[in-house]
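Visitor: Pasting upload25.csv here (CSV, C-alpha atoms):
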chain,number,residue,atom,x,y,z
N,29,MET,CA,119.3,94.7,137.2
N,30,ILE,CA,116.2,96.1,135.5
N,31,GLU,CA,112.9,94.6,136.5
N,32,ILE,CA,109.7,95.0,134.6
N,33,TYR,CA,106.3,94.3,136.1
N,34,ALA,CA,102.7,94.3,135.1
N,35,ALA,CA,101.4,97.7,136.1
N,36,ARG,CA,99.3,97.9,139.4
N,37,PRO,CA,96.5,100.5,139.9
N,38,GLY,CA,98.9,102.5,142.1
N,39,ASP,CA,101.2,103.0,139.2
N,40,GLY,CA,98.7,105.2,137.4
N,41,PRO,CA,99.9,108.6,138.8
N,42,GLY,CA,103.5,107.7,138.1
N,43,ILE,CA,102.8,106.6,134.5
N,44,LEU,CA,100.8,109.8,133.8
N,45,GLU,CA,103.4,112.0,135.4
N,46,LEU,CA,106.1,110.3,133.3
N,47,ALA,CA,104.1,110.8,130.1
N,48,SER,CA,103.7,114.5,131.0
N,49,ARG,CA,107.5,114.8,131.0
N,50,ILE,CA,108.0,113.3,127.5
N,51,ASP,CA,108.4,116.5,125.4
N,52,ILE,CA,107.8,114.7,122.1
N,53,PHE,CA,104.3,113.6,123.2
N,54,ASN,CA,101.8,116.2,122.3
N,55,SER,CA,98.8,117.0,124.5
N,56,ALA,CA,96.4,114.7,122.6
N,57,GLU,CA,98.9,111.9,122.9
N,58,LYS,CA,99.2,112.4,126.7
N,59,ALA,CA,95.4,112.4,126.9
N,60,CYS,CA,95.5,109.1,125.0
N,61,VAL,CA,97.9,107.5,127.5
N,62,GLN,CA,95.4,108.5,130.2
N,63,GLU,CA,92.5,107.1,128.2
N,64,LEU,CA,94.2,103.7,127.7
N,65,TRP,CA,95.3,103.7,131.4
N,66,ASN,CA,91.7,104.2,132.5
N,67,GLU,CA,90.6,101.4,130.2
N,68,TYR,CA,93.3,99.1,131.7
N,69,LEU,CA,92.3,100.1,135.2
N,70,SER,CA,88.6,99.5,134.7
N,71,LYS,CA,88.9,96.1,132.9
N,72,GLN,CA,92.3,94.8,134.2
N,73,THR,CA,93.2,91.6,132.5
N,74,ALA,CA,90.1,91.7,130.3
N,75,SER,CA,91.4,95.0,128.8
N,76,ASP,CA,92.9,95.0,125.4
N,77,TYR,CA,95.5,97.3,126.8
N,78,ASN,CA,98.4,96.0,128.8
N,79,PHE,CA,100.7,98.2,130.8
N,80,LEU,CA,104.1,97.2,132.0
N,81,VAL,CA,106.3,99.4,134.2
N,82,CYS,CA,109.8,99.7,135.4
N,83,ARG,CA,110.0,101.0,139.0
N,84,ASP,CA,112.8,102.3,141.2
N,85,SER,CA,111.3,101.5,144.6
N,86,GLU,CA,108.0,103.2,144.1
N,87,ARG,CA,108.9,105.6,141.3
N,88,VAL,CA,107.9,104.8,137.7
N,89,LEU,CA,111.0,105.0,135.5
N,90,GLY,CA,109.4,103.7,132.4
N,91,PHE,CA,106.3,102.1,131.0
N,92,ALA,CA,104.9,100.4,127.9
N,93,CYS,CA,101.4,99.8,126.7
N,94,TYR,CA,100.5,97.2,124.1
N,95,GLY,CA,97.5,95.1,123.0
N,96,PRO,CA,96.0,93.0,120.2
N,97,HIS,CA,95.3,94.7,116.9
N,98,PRO,CA,91.5,94.3,116.3
N,99,LEU,CA,90.4,92.0,113.5
N,100,THR,CA,93.7,90.2,113.2
N,101,ARG,CA,94.5,86.8,114.4
N,102,SER,CA,97.8,87.4,116.1
N,103,ALA,CA,99.1,90.9,115.4
N,104,TYR,CA,99.8,93.3,118.3
N,105,ASP,CA,100.4,97.0,118.6
N,106,LEU,CA,102.9,98.8,120.8
N,107,HIS,CA,100.8,101.8,121.7
N,108,TRP,CA,103.2,103.6,124.0
N,109,ILE,CA,106.7,103.3,125.4
N,110,ALA,CA,108.4,105.9,127.5
N,111,VAL,CA,111.4,106.1,129.8
N,112,HIS,CA,112.0,109.0,132.2
N,113,PRO,CA,114.4,111.5,130.7
N,114,GLU,CA,116.7,111.2,133.7
N,115,VAL,CA,117.3,107.5,133.2
N,116,GLN,CA,117.3,107.1,129.4
N,117,GLY,CA,120.2,105.2,127.8
N,118,LYS,CA,120.4,102.6,130.6
N,119,GLY,CA,118.5,99.8,128.9
N,120,ILE,CA,115.1,100.4,130.5
N,121,GLY,CA,113.4,100.9,127.1
N,122,ARG,CA,114.9,97.7,125.7
N,123,ALA,CA,113.9,95.8,128.8
N,124,LEU,CA,110.4,97.1,128.5
N,125,LEU,CA,110.2,96.2,124.8
N,126,GLU,CA,111.6,92.7,125.4
N,127,CYS,CA,108.9,92.2,128.1
N,128,VAL,CA,106.2,93.4,125.7
N,129,GLU,CA,107.5,90.9,123.1
N,130,ALA,CA,107.4,88.1,125.7
N,131,GLY,CA,103.9,89.1,126.7
N,132,VAL,CA,102.7,89.1,123.1
N,133,GLN,CA,104.2,85.7,122.5
N,134,ILE,CA,102.7,84.3,125.7
N,135,ALA,CA,99.3,85.6,124.4
N,136,GLY,CA,99.8,83.8,121.1
N,137,GLY,CA,100.9,86.9,119.2
N,138,THR,CA,103.3,86.5,116.3
N,139,LEU,CA,103.8,90.1,115.1
N,140,LEU,CA,104.4,93.4,116.9
N,141,VAL,CA,103.7,96.6,115.0
N,142,ILE,CA,104.9,100.0,116.0
N,143,GLU,CA,103.7,103.2,114.5
N,144,THR,CA,105.8,106.2,115.0
N,145,SER,CA,106.6,109.6,113.6
N,146,GLY,CA,109.2,110.4,110.9
N,147,THR,CA,110.2,113.8,112.3
N,148,PRO,CA,113.7,114.5,113.5
N,149,ASP,CA,112.4,114.6,117.1
N,150,TYR,CA,111.7,110.9,116.8
N,151,GLN,CA,115.0,109.9,115.2
N,152,ALA,CA,116.4,108.5,118.4
N,153,THR,CA,113.1,106.6,118.9
N,154,ARG,CA,113.3,105.1,115.4
N,155,ARG,CA,117.0,104.1,115.9
N,156,PHE,CA,116.0,102.4,119.2
N,157,TYR,CA,113.4,100.3,117.4
N,158,GLU,CA,115.9,99.4,114.7
N,159,ALA,CA,118.4,98.4,117.4
N,160,CYS,CA,115.8,96.2,118.9
N,161,GLY,CA,115.3,94.3,115.7
N,162,TYR,CA,112.3,96.2,114.2
N,163,GLN,CA,112.3,96.8,110.5
N,164,CYS,CA,110.7,99.8,108.8
N,165,GLN,CA,107.8,98.4,106.7
N,166,ALA,CA,106.2,101.6,105.4
N,167,ILE,CA,106.4,105.4,105.4
N,168,ILE,CA,103.2,107.3,104.7
N,169,HIS,CA,104.0,110.9,104.0
N,170,ASP,CA,102.2,113.7,105.9
N,171,PHE,CA,100.1,111.3,107.8
N,172,TYR,CA,100.2,112.9,111.3
N,173,ALA,CA,100.4,116.4,109.9
N,174,ASP,CA,102.0,118.2,107.0
N,175,GLY,CA,105.6,117.2,107.1
N,176,ASP,CA,105.0,114.6,109.8
N,177,ASP,CA,105.2,111.1,108.3
N,178,LEU,CA,103.9,107.9,109.7
N,179,VAL,CA,106.7,105.3,109.9
N,180,ILE,CA,105.5,101.7,110.6
N,181,PHE,CA,108.0,99.2,112.2
N,182,ALA,CA,107.3,95.6,112.7
N,183,LYS,CA,109.0,92.5,114.1
N,184,TYR,CA,107.8,89.0,113.6
N,185,LEU,CA,108.1,87.1,116.8
N,186,ASN,CA,107.9,83.6,115.3
N,187,GLY,CA,111.2,83.7,113.5
N,188,HIS,CA,109.5,84.9,110.3
N,189,SER,CA,111.8,87.2,108.4
N,190,THR,CA,110.6,90.7,107.6
N,191,ALA,CA,113.6,91.4,105.4
N,192,VAL,CA,112.8,93.0,102.1
N,193,ARG,CA,114.3,90.7,99.5
N,194,PRO,CA,116.9,92.7,97.5
N,195,ALA,CA,117.1,92.4,93.7
N,196,GLN,CA,119.5,89.6,93.0
N,197,HIS,CA,121.5,91.6,90.5
N,198,ALA,CA,121.5,95.0,92.1
N,199,ALA,CA,124.6,97.1,91.3
P,11,MET,CA,71.8,108.3,88.4
P,12,ILE,CA,73.4,107.1,91.6
P,13,GLU,CA,72.6,109.1,94.7
P,14,ILE,CA,74.4,108.9,98.0
P,15,TYR,CA,73.1,110.1,101.3
P,16,ALA,CA,74.2,110.4,104.9
P,17,ALA,CA,72.7,107.3,106.5
P,18,ARG,CA,69.5,107.7,108.6
P,19,PRO,CA,68.7,105.6,111.7
P,20,GLY,CA,66.3,103.6,109.5
P,21,ASP,CA,69.1,102.5,107.3
P,22,GLY,CA,70.7,100.3,110.0
P,23,PRO,CA,68.9,97.0,109.3
P,24,GLY,CA,69.6,97.4,105.6
P,25,ILE,CA,73.3,98.2,106.2
P,26,LEU,CA,73.7,95.2,108.5
P,27,GLU,CA,71.8,92.9,106.1
P,28,LEU,CA,74.0,94.0,103.3
P,29,ALA,CA,77.1,93.4,105.4
P,30,SER,CA,75.9,89.9,106.1
P,31,ARG,CA,75.8,89.2,102.4
P,32,ILE,CA,79.4,90.1,101.8
P,33,ASP,CA,81.1,86.8,101.8
P,34,ILE,CA,84.6,88.2,102.2
P,35,PHE,CA,83.7,89.8,105.5
P,36,ASN,CA,84.3,87.4,108.3
P,37,SER,CA,82.1,87.2,111.4
P,38,ALA,CA,84.3,89.5,113.5
P,39,GLU,CA,84.3,92.1,110.6
P,40,LYS,CA,80.5,91.9,110.4
P,41,ALA,CA,80.3,92.5,114.2
P,42,CYS,CA,82.6,95.5,113.7
P,43,VAL,CA,80.2,97.0,111.2
P,44,GLN,CA,77.4,96.6,113.7
P,45,GLU,CA,79.6,98.2,116.5
P,46,LEU,CA,80.5,101.2,114.4
P,47,TRP,CA,76.9,101.6,113.3
P,48,ASN,CA,75.8,101.6,116.9
P,49,GLU,CA,78.3,104.3,117.7
P,50,TYR,CA,77.1,106.4,114.7
P,51,LEU,CA,73.5,105.9,115.8
P,52,SER,CA,74.1,106.9,119.4
P,53,LYS,CA,76.3,109.9,118.7
P,54,GLN,CA,75.1,111.0,115.2
P,55,THR,CA,77.2,113.9,113.9
P,56,ALA,CA,79.3,113.8,117.1
P,57,SER,CA,80.4,110.3,116.2
P,58,ASP,CA,83.8,109.7,114.7
P,59,TYR,CA,82.2,107.3,112.3
P,60,ASN,CA,80.2,108.6,109.3
P,61,PHE,CA,78.0,106.3,107.3
P,62,LEU,CA,76.9,107.0,103.7
P,63,VAL,CA,74.4,104.9,101.9
P,64,CYS,CA,73.1,104.3,98.3
P,65,ARG,CA,69.4,103.4,98.3
P,66,ASP,CA,67.0,102.1,95.7
P,67,SER,CA,63.7,103.4,97.1
P,68,GLU,CA,64.2,102.1,100.6
P,69,ARG,CA,66.6,99.2,100.0
P,70,VAL,CA,70.3,99.8,100.9
P,71,LEU,CA,72.4,98.9,97.9
P,72,GLY,CA,75.7,100.0,99.3
P,73,PHE,CA,77.3,101.8,102.2
P,74,ALA,CA,80.6,103.3,103.3
P,75,CYS,CA,81.9,104.2,106.8
P,76,TYR,CA,84.8,106.5,107.4
P,77,GLY,CA,86.2,108.8,110.1
P,78,PRO,CA,89.2,110.7,111.3
P,79,HIS,CA,92.3,108.8,112.3
P,80,PRO,CA,93.0,109.5,115.9
P,81,LEU,CA,96.0,111.6,116.8
P,82,THR,CA,96.5,112.9,113.3
P,83,ARG,CA,95.7,116.4,112.1
P,84,SER,CA,93.9,115.5,108.9
P,85,ALA,CA,94.1,111.8,108.0
P,86,TYR,CA,91.0,109.8,107.6
P,87,ASP,CA,90.3,106.1,107.4
P,88,LEU,CA,87.8,104.3,105.2
P,89,HIS,CA,86.6,101.7,107.6
P,90,TRP,CA,84.1,99.9,105.4
P,91,ILE,CA,82.7,100.0,101.9
P,92,ALA,CA,80.3,97.4,100.5
P,93,VAL,CA,78.0,97.1,97.6
P,94,HIS,CA,75.2,94.5,97.3
P,95,PRO,CA,76.4,91.6,95.3
P,96,GLU,CA,73.4,91.9,92.9
P,97,VAL,CA,74.3,95.5,91.9
P,98,GLN,CA,78.1,95.4,91.8
P,99,GLY,CA,79.9,96.8,88.7
P,100,LYS,CA,77.4,99.6,88.2
P,101,GLY,CA,79.5,102.4,89.7
P,102,ILE,CA,77.9,102.4,93.2
P,103,GLY,CA,81.2,101.7,95.0
P,104,ARG,CA,82.9,104.5,93.1
P,105,ALA,CA,80.1,106.9,93.8
P,106,LEU,CA,80.3,106.0,97.5
P,107,LEU,CA,84.0,106.4,97.6
P,108,GLU,CA,83.9,109.8,95.8
P,109,CYS,CA,81.3,111.0,98.4
P,110,VAL,CA,83.6,109.8,101.2
P,111,GLU,CA,86.4,111.8,99.7
P,112,ALA,CA,84.2,114.9,99.4
P,113,GLY,CA,83.1,114.4,103.0
P,114,VAL,CA,86.7,114.1,104.2
P,115,GLN,CA,87.7,117.3,102.3
P,116,ILE,CA,84.7,119.2,103.7
P,117,ALA,CA,85.8,118.2,107.2
P,118,GLY,CA,89.3,119.4,106.5
P,119,GLY,CA,90.9,116.1,105.8
P,120,THR,CA,93.8,115.8,103.4
P,121,LEU,CA,94.5,112.1,103.3
P,122,LEU,CA,92.3,109.0,103.0
P,123,VAL,CA,93.9,105.7,104.1
P,124,ILE,CA,92.4,102.3,103.3
P,125,GLU,CA,93.6,99.1,104.9
P,126,THR,CA,92.6,95.9,103.1
P,127,SER,CA,93.7,92.3,102.7
P,128,GLY,CA,96.3,90.9,100.3
P,129,THR,CA,94.4,87.7,99.7
P,130,PRO,CA,93.1,86.6,96.3
P,131,ASP,CA,89.5,87.2,97.6
P,132,TYR,CA,90.3,90.9,97.9
P,133,GLN,CA,92.0,91.2,94.5
P,134,ALA,CA,88.9,92.9,92.9
P,135,THR,CA,88.7,95.2,95.9
P,136,ARG,CA,92.3,96.2,95.6
P,137,ARG,CA,91.9,96.9,91.8
P,138,PHE,CA,88.9,99.0,92.6
P,139,TYR,CA,90.9,101.2,95.0
P,140,GLU,CA,93.7,101.5,92.4
P,141,ALA,CA,91.1,102.4,89.7
P,142,CYS,CA,89.8,105.1,92.1
P,143,GLY,CA,93.3,106.7,92.3
P,144,TYR,CA,94.6,105.0,95.5
P,145,GLN,CA,98.2,104.0,95.6
P,146,CYS,CA,99.6,101.0,97.6
P,147,GLN,CA,101.8,102.5,100.3
P,148,ALA,CA,102.8,99.3,102.2
P,149,ILE,CA,102.3,95.6,102.5
P,150,ILE,CA,102.8,94.0,105.9
P,151,HIS,CA,103.0,90.3,105.5
P,152,ASP,CA,100.9,87.9,107.6
P,153,PHE,CA,99.3,90.8,109.4
P,154,TYR,CA,95.7,89.6,109.5
P,155,ALA,CA,96.7,86.0,109.7
P,156,ASP,CA,99.3,83.6,108.4
P,157,GLY,CA,99.2,84.2,104.6
P,158,ASP,CA,96.8,87.2,104.9
P,159,ASP,CA,98.8,90.4,104.4
P,160,LEU,CA,97.8,93.9,105.2
P,161,VAL,CA,97.8,96.2,102.2
P,162,ILE,CA,97.6,100.0,102.9
P,163,PHE,CA,96.3,102.2,100.2
P,164,ALA,CA,96.2,106.0,100.4
P,165,LYS,CA,95.1,109.0,98.4
P,166,TYR,CA,96.1,112.6,99.1
P,167,LEU,CA,93.1,114.8,98.7
P,168,ASN,CA,95.0,118.1,98.4
P,169,GLY,CA,96.8,117.3,95.1
P,170,HIS,CA,99.9,116.0,97.0
P,171,SER,CA,101.6,113.2,95.1
P,172,THR,CA,101.9,109.9,96.7
P,173,ALA,CA,104.4,108.7,94.1
P,174,VAL,CA,107.6,107.1,95.4
P,175,ARG,CA,110.4,109.2,94.1
P,176,PRO,CA,112.7,107.0,92.0
P,177,ALA,CA,116.5,107.1,92.4
P,178,GLN,CA,117.7,109.7,90.0
P,179,HIS,CA,120.4,107.5,88.5
P,180,ALA,CA,118.7,104.1,88.6
P,181,ALA,CA,119.9,101.7,85.9
For the file at hand, write its structure as structure tokens.

Guide:
Amino acid sequence: MIEIYAARPGDGPGILELASRIDIFNSAEKACVQELWNEYLSKQTASDYNFLVCRDSERVLGFACYGPHPLTRSAYDLHWIAVHPEVQGKGIGRALLECVEAGVQIAGGTLLVIETSGTPDYQATRRFYEACGYQCQAIIHDFYADGDDLVIFAKYLNGHSTAVRPAQHAA
Amino acid sequence: MIEIYAARPGDGPGILELASRIDIFNSAEKACVQELWNEYLSKQTASDYNFLVCRDSERVLGFACYGPHPLTRSAYDLHWIAVHPEVQGKGIGRALLECVEAGVQIAGGTLLVIETSGTPDYQATRRFYEACGYQCQAIIHDFYADGDDLVIFAKYLNGHSTAVRPAQHAA
């Protein structure tokens, strides 16, 4: 039984320790997790960043951070999601993402956007998003760095289809 | 002869007055221009937001704001570009955008990304970007609001082609 909670101030060290163990996060990305956590901590529910955690007693096994996309009426971004390497593959990531989606919908959001990398290191991550019902909306080549594409996934949370309409007479 | 300059602190009122005259900017967007201007003003060259202006004597006829995209090595965003309604169609927008591109390249940037709206109100804007060599990379439906799509344009500033590679044996 996986339980997900809104992060408490005491979860900060565990979240940051977990982020430090994610090899595919580079140092700037780890610093960004810290920055968003500080913002969440200082503004709590007034923050535009929401953190959710999965805990085993007091140990943070996974976390997710999401928030509204500025200047949109109801689009949200998933900023970060991470599961401790020792407990990956047990459904914690999916449970976190489902709770993010529920939180977005409760807040009136209708669309969750996820930006990720197109490198082989992120292949399992991309497959995870697809398995959770996200569809690739765009690839922007060499966005993060030369050879490191931006891949944008999205899921409409109001039943709206994101499916690309195929040509009717495709071979 | 259109001349473009890095904005001076005294350009602030003119920039904000101009933004207020752009009918397709909503109130949150106008507030965002003000917010980025304040950031530029407080941090100057240390700011991640750069403002360029076109002036007629002391009157601001157009402005652009751009900056590095966080967590990328060399991607930049065009945050805002606007030309006074009375002097549109005279090449000021193109001159501003070319100076932005030059500024990005001087700073080591290789990719300029522009996010805009897919509504009919922004059709002339989208055509302007296309005429300036930007290619549509993605459309995310209902991103800004129901019926208001996100359209992502990009231009590689290092000669890299953005063209989608067609299937070799397409009918």

Visitor: Take CA of Phe61 in chain P and CA of Ala16 in chain P and report the distance between them in Å, one decimal.

Guide: 6.1 Å

Visitor: How many Å lie between CA of Leu80 in chain N and CA of Leu124 in chain N, rounded to one decimal?

Guide: 7.2 Å

Visitor: Based on all atoms listed in the file, which of the residues in chain P come within 10 Å of chain N? I want them as a PyMOL selection string.

Guide: chain P and resi 36-39+42+79-86+120-123+147-156+158+160+162-164+166+170-172+180-181

Visitor: In Å to one decimal, how far is CA of Thr55 in chain P from CA of His107 in chain N?

Guide: 27.6 Å

Visitor: Report as a list in words all protein, DNA and RNA residues lying within 10 Å of Ala17 in chain P, evaluated on only C-alpha atoms, omitting residues in the same chain fewer than 6 positions from it.

Guide: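 So, after excluding close chain neighbours, the residues are Ile25, Trp47, Tyr50, Leu51, Gln54, Asn60, Phe61, Leu62, Val63, Cys64, Arg65, Val70, Phe73, Ala74 and Cys75 of chain P.
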
Visitor: For Leu26 in chain P, which of P:Glu49, P:Asp131, P:Glu13, P:Ala92 is the closest residue, counting all atoms listed in the file?

Guide: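 That would be P:Ala92, the residue with the smallest distance to Leu26 in chain P.
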
Visitor: Measuring atom to atom with only C-alpha atoms, identify which of P:Asn168, P:Thr129, P:Gln44, P:Gln145 is nearest to Trp90 in chain P.

Guide: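 Among the listed residues, the smallest separation from Trp90 in chain P belongs to P:Gln44.
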
Visitor: Near Ile30 in chain N, within 12 Å and counting all atoms listed in the file, which residues show up once chain neighbours fewer than 4 positions away are dropped, as a PyMOL selection string?

Guide: chain N and resi 81-85+89-90+115+118-124+126-127
